[in-house]
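Novice: Following this line is my_file-v7.txt, made up of compact mmCIF, C-alpha atoms:
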# COMPACT_ATOMS: atom_id res chain seq x y z
CA MET A 57 88.73 90.90 95.20
CA ASP A 58 87.95 89.74 98.71
CA CYS A 59 89.48 86.29 99.20
CA SER A 60 88.99 86.05 102.95
CA HIS A 61 85.93 83.81 102.78
CA ASP A 62 87.08 81.43 100.08
CA ALA A 63 87.30 77.89 101.41
CA ALA A 64 89.79 76.61 98.83
CA GLN A 65 92.64 74.82 100.58
CA PRO A 66 96.30 74.75 99.50
CA SER A 67 98.57 71.77 99.18
CA VAL A 68 99.82 70.74 102.60
CA GLY A 69 103.29 69.48 103.34
CA PRO A 70 104.37 67.33 106.27
CA ALA A 71 103.14 68.10 109.79
CA GLY A 72 101.37 71.36 109.11
CA VAL A 73 104.14 72.90 106.99
CA PHE A 74 102.78 75.07 104.19
CA ASP A 75 104.74 76.05 101.12
CA PRO A 76 103.37 79.40 99.84
CA PRO A 77 105.61 79.77 96.76
CA VAL A 78 104.93 76.24 95.49
CA CYS A 79 101.19 76.62 96.09
CA ALA A 80 101.21 79.95 94.28
CA VAL A 81 102.98 78.48 91.25
CA ARG A 82 100.53 75.58 91.11
CA ARG A 83 97.58 77.96 91.21
CA VAL A 84 99.04 80.08 88.41
CA PHE A 85 99.54 77.06 86.18
CA ARG A 86 95.99 75.93 86.90
CA ALA A 87 94.85 79.35 85.78
CA GLY A 88 95.99 78.35 82.26
CA LEU A 89 95.31 81.38 80.16
CA ALA A 90 96.36 83.68 82.97
CA GLY A 91 99.72 81.94 83.22
CA ARG A 92 100.33 82.08 79.46
CA LYS A 93 99.30 85.71 79.29
CA THR A 94 101.58 86.62 82.19
CA VAL A 95 104.59 84.97 80.55
CA GLY A 96 103.79 86.63 77.24
CA PHE A 97 103.55 89.99 78.96
CA LEU A 98 106.94 89.61 80.64
CA VAL A 99 108.59 88.39 77.43
CA SER A 100 107.27 91.30 75.38
CA HIS A 101 108.09 93.96 77.97
CA CYS A 102 111.45 92.58 79.12
CA GLY A 103 112.69 92.22 75.55
CA ILE A 104 113.79 88.59 75.42
CA GLY A 105 116.62 88.32 72.91
CA LYS A 106 117.68 91.92 73.52
CA GLY A 107 119.07 91.43 77.01
CA ILE A 108 117.05 91.96 80.17
CA GLY A 109 118.28 95.00 82.03
CA PRO A 110 117.32 95.76 85.65
CA CYS A 111 115.32 98.85 84.70
CA ARG A 112 113.42 97.01 81.96
CA LEU A 113 112.62 94.09 84.28
CA ARG A 114 111.46 96.37 87.07
CA LEU A 115 109.25 98.36 84.69
CA ALA A 116 107.70 95.16 83.33
CA LEU A 117 106.90 93.85 86.80
CA CYS A 118 105.41 97.19 87.83
CA ARG A 119 103.27 97.18 84.69
CA LEU A 120 102.15 93.62 85.40
CA TRP A 121 101.15 94.59 88.94
CA GLN A 122 99.05 97.48 87.64
CA ASP A 123 97.54 95.82 84.53
CA HIS A 124 93.91 95.12 85.43
CA SER A 125 93.24 93.16 82.23
CA LEU A 126 95.69 90.54 83.48
CA ILE A 127 94.12 90.54 86.92
CA ARG A 128 90.73 89.78 85.39
CA PHE A 129 92.13 86.62 83.80
CA GLY A 130 93.99 85.30 86.82
CA ASP A 131 92.37 87.14 89.70
CA PHE A 132 94.67 87.40 92.70
CA ARG A 133 96.87 84.52 91.51
CA VAL A 134 98.53 86.50 88.73
CA ARG A 135 98.74 89.53 90.98
CA LYS A 136 100.42 87.43 93.66
CA LEU A 137 102.90 86.02 91.14
CA ALA A 138 103.64 89.55 89.96
CA VAL A 139 104.34 90.90 93.44
CA THR A 140 106.51 87.85 94.22
CA LEU A 141 108.60 88.42 91.10
CA TYR A 142 108.71 92.14 91.80
CA GLY A 143 109.90 91.42 95.35
CA ILE A 144 112.71 89.21 94.04
CA ALA A 145 113.82 91.85 91.54
CA HIS A 146 113.45 94.62 94.12
CA GLY A 147 115.55 92.66 96.60
CA PHE A 148 118.45 92.54 94.16
CA LEU A 149 118.16 95.96 92.55
CA ILE A 150 117.05 98.43 95.22
CA LYS A 151 119.15 99.85 98.03
CA GLU A 152 118.30 98.24 101.36
CA SER A 153 119.34 100.94 103.79
CA ALA A 154 117.53 104.18 104.60
CA ALA A 155 118.96 107.63 103.97
CA VAL A 156 118.70 108.48 107.68
CA PRO A 157 120.73 106.19 109.99
CA GLU A 158 118.70 104.34 112.61
CA GLN A 159 119.03 105.42 116.22
CA ARG A 160 118.63 102.15 118.13
CA ALA A 161 118.47 101.41 121.81
CA GLU A 162 119.81 97.89 122.11
CA LEU A 163 118.72 95.47 124.79
CA HIS A 164 121.47 93.11 125.98
CA VAL A 165 120.98 89.90 127.92
CA GLU A 166 124.10 88.48 129.55
CA GLY A 167 126.22 90.73 127.36
CA GLU A 168 124.64 89.73 124.04
CA PRO A 169 122.30 91.94 121.97
CA TRP A 170 118.76 90.55 121.73
CA LEU A 171 116.60 93.47 120.62
CA GLY A 172 117.08 96.92 119.13
CA THR A 173 114.22 99.41 119.37
CA VAL A 174 114.48 102.12 116.72
CA ALA A 175 113.67 105.48 118.27
CA THR A 176 114.98 107.84 115.58
CA PRO A 177 113.46 111.30 116.22
CA TYR A 178 110.74 112.13 113.73
CA ASN A 179 111.82 114.48 110.94
CA PRO A 180 109.12 115.72 108.50
CA ALA A 181 111.83 116.28 105.88
CA ALA A 182 112.78 112.59 106.14
CA HIS A 183 109.29 111.23 106.78
CA PRO A 184 109.68 107.80 105.09
CA ASP A 185 112.74 106.94 107.19
CA THR A 186 111.60 108.31 110.57
CA CYS A 187 107.82 107.78 110.63
CA LYS A 188 107.60 104.47 112.52
CA VAL A 189 108.70 103.04 115.87
CA PHE A 190 109.70 99.37 115.62
CA THR A 191 112.01 96.76 117.12
CA HIS A 192 114.70 94.57 115.56
CA LEU A 193 115.33 90.96 116.58
CA TYR A 194 119.01 89.93 116.76
CA SER A 195 120.56 86.62 115.78
CA ALA A 196 122.44 84.66 118.43
CA TYR A 197 124.85 83.53 115.70
CA ASP A 198 126.41 86.86 114.69
CA GLY A 199 124.71 89.48 116.88
CA LEU A 200 123.09 91.24 113.90
CA PRO A 201 119.40 91.93 113.18
CA ILE A 202 117.39 89.26 111.40
CA THR A 203 114.68 91.86 110.68
CA LYS A 204 114.44 94.69 108.15
CA GLY A 205 114.56 98.41 108.81
CA ALA A 206 113.59 101.28 106.51
CA GLY A 207 114.48 100.77 102.85
CA GLY A 208 114.33 97.61 100.78
CA PHE A 209 111.19 95.95 99.45
CA ASP A 210 108.11 97.50 101.12
CA SER A 211 110.06 99.99 103.20
CA HIS A 212 107.14 100.61 105.59
CA GLN A 213 107.41 97.02 106.89
CA ARG A 214 110.08 97.04 109.59
CA GLY A 215 111.01 94.62 112.36
CA LEU A 216 108.23 94.11 114.88
CA HIS A 217 105.70 96.80 114.00
CA ILE A 218 102.08 97.68 114.77
CA GLY A 219 99.59 99.54 112.59
CA TRP A 220 96.28 99.52 110.72
CA ARG A 221 95.76 100.61 107.13
CA SER A 222 92.44 102.26 107.98
CA THR A 223 92.61 104.12 111.30
CA GLU A 224 89.57 106.35 111.60
CA VAL A 225 89.56 109.25 114.05
CA ASP A 226 86.38 111.30 114.24
CA GLY A 227 85.60 110.77 110.56
CA GLN A 228 89.18 111.28 109.34
CA VAL A 229 91.03 108.18 108.10
CA PHE A 230 94.77 107.73 108.65
CA ASP A 231 96.95 104.96 107.24
CA THR A 232 99.05 103.89 110.23
CA TRP A 233 100.36 100.90 108.25
CA HIS A 234 102.03 102.69 105.33
CA MET A 235 102.35 105.94 107.34
CA THR A 236 101.49 108.10 104.33
CA ASP A 237 99.65 110.82 106.25
CA CYS A 238 100.68 110.27 109.87
CA SER A 239 103.57 109.10 112.03
CA GLN A 240 104.50 107.11 115.10
CA ARG A 241 106.92 108.97 117.35
CA HIS A 242 108.93 107.72 120.29
CA GLY A 243 107.49 109.49 123.32
CA GLY A 244 110.06 108.52 125.93
CA TRP A 245 111.28 105.56 127.97
CA LEU A 246 109.34 104.24 130.95
CA ALA A 247 112.47 102.46 132.16
CA GLU A 248 116.01 103.43 131.23
CA PRO A 249 117.25 101.05 128.50
CA GLY A 250 119.83 98.60 129.81
CA THR A 251 118.73 98.67 133.45
CA VAL A 252 116.45 95.62 133.05
CA ALA A 253 115.97 92.94 130.36
CA ALA A 254 113.06 94.88 128.89
CA HIS A 255 112.20 97.84 126.73
CA SER A 256 109.27 99.89 128.03
CA PHE A 257 108.39 103.06 126.17
CA ILE A 258 105.66 105.36 124.86
CA VAL A 259 104.63 105.58 121.22
CA GLU A 260 102.68 108.64 120.11
CA TRP A 261 100.51 108.10 117.03
CA CYS A 262 100.26 111.52 115.38
CA ASP A 263 98.48 113.20 112.48
CA ALA A 264 100.34 115.28 109.89
CA SER A 265 100.35 118.34 112.16
CA GLY A 266 101.73 116.41 115.14
CA GLY A 267 98.44 116.06 117.00
CA ILE A 268 98.34 112.84 119.03
CA PHE A 269 95.27 110.63 118.49
CA ILE A 270 96.61 107.39 120.08
CA ARG A 271 99.05 107.08 122.95
CA GLU A 272 100.57 103.62 123.28
CA PHE A 273 102.48 102.06 126.17
CA ARG A 274 104.61 99.23 124.79
CA SER A 275 106.70 96.76 126.79
CA LEU A 276 109.05 94.03 125.52
CA LEU A 277 110.29 91.69 128.26
CA CYS A 278 113.04 89.24 127.24
CA ARG A 279 113.22 85.67 128.52
CA HIS A 280 115.27 82.57 127.83
CA ALA A 281 113.38 79.74 126.14
CA ARG A 282 114.17 76.05 125.97
CA TYR A 283 117.07 74.72 123.89
CA GLY A 284 118.80 78.07 123.62
CA ALA A 285 115.93 79.91 121.95
CA ARG A 286 115.23 83.56 122.69
CA MET A 287 111.85 85.13 123.29
CA PHE A 288 110.16 88.28 124.49
CA ASP A 289 106.68 89.06 125.75
CA LEU A 290 105.02 92.02 124.08
CA GLN A 291 102.41 93.94 126.04
CA SER A 292 100.78 96.94 124.41
CA ARG A 293 98.12 99.33 125.66
CA LEU A 294 96.53 101.60 123.05
CA SER A 295 94.54 104.57 124.36
CA ALA A 296 92.44 107.00 122.34
CA VAL A 297 93.50 110.47 123.48
CA ASP A 298 90.34 112.54 123.13
CA ARG A 299 88.23 111.03 120.31
CA PRO A 300 87.01 107.52 119.43
CA VAL A 301 89.30 105.56 117.09
CA THR A 302 88.46 102.56 114.90
CA LEU A 303 91.23 100.21 113.77
CA ARG A 304 90.53 98.45 110.47
CA GLY A 305 92.46 96.78 107.67
CA ASP A 306 93.17 93.26 106.44
CA PRO A 307 95.58 90.43 107.39
CA HIS A 308 98.31 91.81 105.13
CA HIS A 309 98.03 95.48 106.07
CA ALA A 310 97.19 95.65 109.77
CA GLY A 311 97.87 94.23 113.21
CA VAL A 312 101.01 93.13 115.06
CA GLN A 313 103.44 91.88 112.44
CA ILE A 314 107.10 91.05 111.78
CA ARG A 315 109.18 91.74 108.69
CA LEU A 316 112.33 89.67 108.33
CA ALA A 317 115.56 90.81 106.68
CA ASN A 318 115.22 92.13 103.14
CA GLU A 319 117.32 89.29 101.73
CA VAL A 320 114.45 86.86 102.40
CA CYS A 321 112.46 88.41 99.53
CA ARG A 322 115.22 87.36 97.11
CA ARG A 323 114.58 83.66 97.78
CA PRO A 324 110.88 83.27 98.66
CA TRP A 325 110.93 79.63 97.54
CA SER A 326 113.08 78.78 100.59
CA THR A 327 110.59 80.23 103.09
CA ARG A 328 108.20 77.86 104.89
CA PHE A 329 105.43 78.36 107.43
CA VAL A 330 104.51 75.95 110.22
CA LEU A 331 100.91 76.26 111.43
CA PRO A 332 98.67 74.56 114.02
CA GLY A 333 97.06 71.32 112.90
CA ASN A 334 93.53 72.78 112.95
CA ALA A 335 94.47 75.97 111.10
CA GLN A 336 92.57 76.88 107.95
CA ARG A 337 94.86 78.40 105.36
CA ARG A 338 92.72 80.05 102.72
CA ARG A 339 93.37 81.98 99.57
CA ASN A 340 95.78 84.90 99.51
CA ASP A 341 97.93 83.49 102.34
CA ILE A 342 95.38 84.15 105.08
CA VAL A 343 95.18 81.73 108.02
CA TYR A 344 92.16 81.32 110.32
CA ASP A 345 91.70 79.30 113.52
CA ALA A 346 95.34 79.78 114.49
CA LEU A 347 96.79 81.46 117.57
CA TRP A 348 100.37 81.07 116.40
CA ALA A 349 102.39 80.93 113.19
CA CYS A 350 106.05 80.07 112.68
CA CYS A 351 108.18 81.31 109.78
CA LEU A 352 111.26 79.36 108.65
CA ALA A 353 113.65 81.49 106.59
CA ASP A 354 117.29 81.66 105.53
CA ILE A 355 119.15 84.76 106.73
CA ARG A 356 122.88 85.26 106.13
CA GLY A 357 123.30 81.59 105.32
CA LYS A 358 121.61 80.34 108.49
CA ARG A 359 118.15 78.85 108.90
CA HIS A 360 116.03 80.72 111.45
CA ALA A 361 112.67 79.93 113.02
CA ILE A 362 110.52 82.84 114.24
CA LEU A 363 107.38 81.90 116.18
CA HIS A 364 104.62 84.52 116.59
CA MET A 365 102.10 83.71 119.36
CA ALA A 366 98.86 85.49 120.34
CA HIS A 367 97.66 85.24 123.93
CA PRO A 368 94.14 83.77 124.30
CA ALA A 369 93.17 86.68 126.59
CA ASN A 370 93.42 89.13 123.69
CA PRO A 371 90.08 90.67 122.65
CA GLY A 372 88.49 89.80 119.31
CA LEU A 373 90.17 86.42 118.84
CA GLU A 374 87.11 85.03 117.07
CA HIS A 375 87.89 87.38 114.17
CA MET A 376 91.69 87.20 114.32
CA ALA A 377 93.67 85.91 111.34
CA TYR A 378 97.32 85.49 110.46
CA GLY A 379 98.70 86.91 107.23
CA ILE A 380 101.78 85.07 105.93
CA ARG A 381 103.98 86.08 103.00
CA ALA A 382 106.94 84.12 101.67
CA TYR A 383 109.02 87.29 101.26
CA GLY A 384 109.30 87.42 105.05
CA ARG A 385 106.35 89.36 106.48
CA PHE A 386 103.82 87.69 108.79
CA GLY A 387 101.73 88.41 111.85
CA ALA A 388 98.35 88.65 113.56
CA PHE A 389 95.50 90.80 112.24
CA PHE A 390 92.49 91.91 114.25
CA GLU A 391 90.20 94.92 114.41
CA ALA A 392 89.27 97.03 117.42
CA ASP A 393 87.46 100.16 118.56
CA LEU A 394 89.08 102.57 121.01
CA LYS A 395 87.25 105.01 123.23
CA PRO A 396 88.82 107.60 125.53
CA GLY A 397 89.24 106.02 128.95
CA SER A 398 88.86 102.44 127.63
CA PRO A 399 92.27 101.30 126.33
CA LEU A 400 92.92 98.23 124.21
CA ARG A 401 95.30 95.77 125.89
CA MET A 402 97.01 93.07 123.84
CA ARG A 403 99.67 90.46 124.53
CA PHE A 404 101.92 88.46 122.23
CA ARG A 405 105.06 86.37 122.55
CA ILE A 406 107.79 86.21 119.91
CA LEU A 407 110.32 83.36 119.99
CA TRP A 408 113.26 82.92 117.63
CA THR A 409 116.10 80.46 117.25
CA GLU A 410 118.52 79.02 114.72
CA GLY A 411 117.40 75.94 112.84
CA GLU A 412 113.79 74.83 112.44
CA LEU A 413 110.80 74.17 114.66
CA ASP A 414 108.14 71.59 113.83
CA ALA A 415 104.43 71.85 114.65
CA GLY A 416 104.80 69.84 117.87
CA GLU A 417 107.59 72.07 119.17
CA CYS A 418 105.64 75.21 118.28
CA GLU A 419 102.55 73.89 120.06
CA ALA A 420 104.62 73.07 123.15
CA HIS A 421 106.01 76.61 123.23
CA TYR A 422 102.50 78.00 122.89
CA ARG A 423 101.12 75.85 125.72
CA GLU A 424 104.00 77.01 127.91
CA TYR A 425 103.16 80.63 127.07
CA THR A 426 99.47 80.34 127.88
CA SER A 427 100.06 78.43 131.12
CA SER A 428 102.76 80.71 132.53
CA VAL A 429 101.52 84.22 131.72
Kindly return the structure encoded in the file as structure tokens.
Specialist:
Amino acid sequence: MDCSHDAAQPSVGPAGVFDPPVCAVRRVFRAGLAGRKTVGFLVSHCGIGKGIGPCRLRLALCRLWQDHSLIRFGDFRVRKLAVTLYGIAHGFLIKESAAVPEQRAELHVEGEPWLGTVATPYNPAAHPDTCKVFTHLYSAYDGLPITKGAGGFDSHQRGLHIGWRSTEVDGQVFDTWHMTDCSQRHGGWLAEPGTVAAHSFIVEWCDASGGIFIREFRSLLCRHARYGARMFDLQSRLSAVDRPVTLRGDPHHAGVQIRLANEVCRRPWSTRFVLPGNAQRRRNDIVYDALWACCLADIRGKRHAILHMAHPANPGLEHMAYGIRAYGRFGAFFEADLKPGSPLRMRFRILWTEGELDAGECEAHYREYTSSV
């Protein structure tokens, strides 16, 4: 079901703060029959009175996700509740780490780690763990990542990552979001890591045989922000190698996105999103008329604010949307066409800090970004 053009608005909290889990629960209860049928399904399949084991619960949630008769009653609302519950269970029951250890190049500013770009060499025998190039954000509190790597709930979502679910190359479609039939491979450093406060490197987007269809030049330049916050400017240039490429998807499966630490999916009710005052948040957690979105989440007992900002010079802004999920994945979605010799250039700024940011503070950071770059 396509929910992108539905004008229904969610409940709005103070100063542009949206509460996805609460809104989702309200919608499910309004669905009435869908809510009762969902509860009945979980009771019957989890075996209330017999003890709910992890395997039984996981199986029930998987069945709920796949049961189209339930989806017909509650549309996306029951499906959303199912994936939220599945994410919570998955966060507690499934191993978070990947089988292949990450090979990170850390970026230090004044002796403290800020970023860690994962450049593990691609290994076809370990495709799920080595198929994507991404970057971790580090907490100023304990020097550890606040983003997720391979493993955990939705393993393909990792740190700051870029991809499109439908990437068409000369009639052949690749899924560069889930990386089921392709890979992103680190193609070398443009500047030696550690020599400057930036990571500049090449990402080769490859088909199953290793043929490169997109060559990307990605740069992450770190800067200090006000009040002790950290930020980096992302600049990416995507070039079609020898054939036209179309980049398509949807706000939850394409674009420039961030996935926070896996533990966030265990407590989605504690996650909040701060959005611009004129933003239109529509069904299925899709936000229009917004050039930034801020996620507030608890990680290792500390509240963190992560602000994702799109530069107004980016192409296709009239069709851009933010996808926001309470389990800790959010970012900017847009579509584009690549032709050999005509690269796509895009710019974003990511800012993160301990504590919370309100809408006014986020807007001030965004104005500073657009006036200085």
Novice: Smallest atom-to-atom distance to Ser326 in chain A: which of A:Trp261, A:Tyr383, A:Tyr344, A:Phe190, using only C-alpha atoms?
Specialist: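 Distance minimum relative to Ser326 in chain A lands on A:Tyr383.
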Novice: Considering all atoms listed in the file, state which residue in the set A:Met235, A:Thr191, A:His364, A:Lys395 is at the smallest distance from Trp408 in chain A.
Specialist: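 Of A:Met235, A:Thr191, A:His364, A:Lys395, the one nearest Trp408 in chain A, counting all atoms listed in the file, is A:His364.
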Novice: Pick the closest to Ala392 in chain A from A:Val259, A:Thr302, A:Ala155, A:Arg356: which is it, counting all atoms listed in the file?
Specialist: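 Checking each candidate against Ala392 in chain A, we get A:Thr302 as the closest.
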Novice: Just give me the residues with any atom within 7 Å of (91.4, 105.2, 111.1), file coordinates, counting all atoms listed in the file, written as an NGL selection string.
Specialist: :A and (222-225 or 228-231 or 301-304)
Novice: CA of Ser239 in chain A and CA of Met287 in chain A are how many Å apart?
Specialist: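 We find that CA of Ser239 in chain A and CA of Met287 in chain A lie 27.7 Å from each other.
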Novice: Kindly give the distance, in Å, that separates CA of Ala377 in chain A and CA of Phe389 in chain A, rounded to a single decimal.
Specialist: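 Rounded to one decimal, the two atoms are 5.3 Å apart.
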Novice: Around (109.5, 104.3, 114.6) in the file's frame, which residues reach within 9 Å when counting only C-alpha atoms? Return as a list in words?
Specialist: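 Taken together, the residues in range are Thr173, Val174, Ala175, Thr176, Pro177, Tyr178, Asp185, Thr186, Cys187, Lys188, Val189, Phe190, Thr191, Arg214, His217, Ser239, Gln240, Arg241, His242 and Val259 of chain A.
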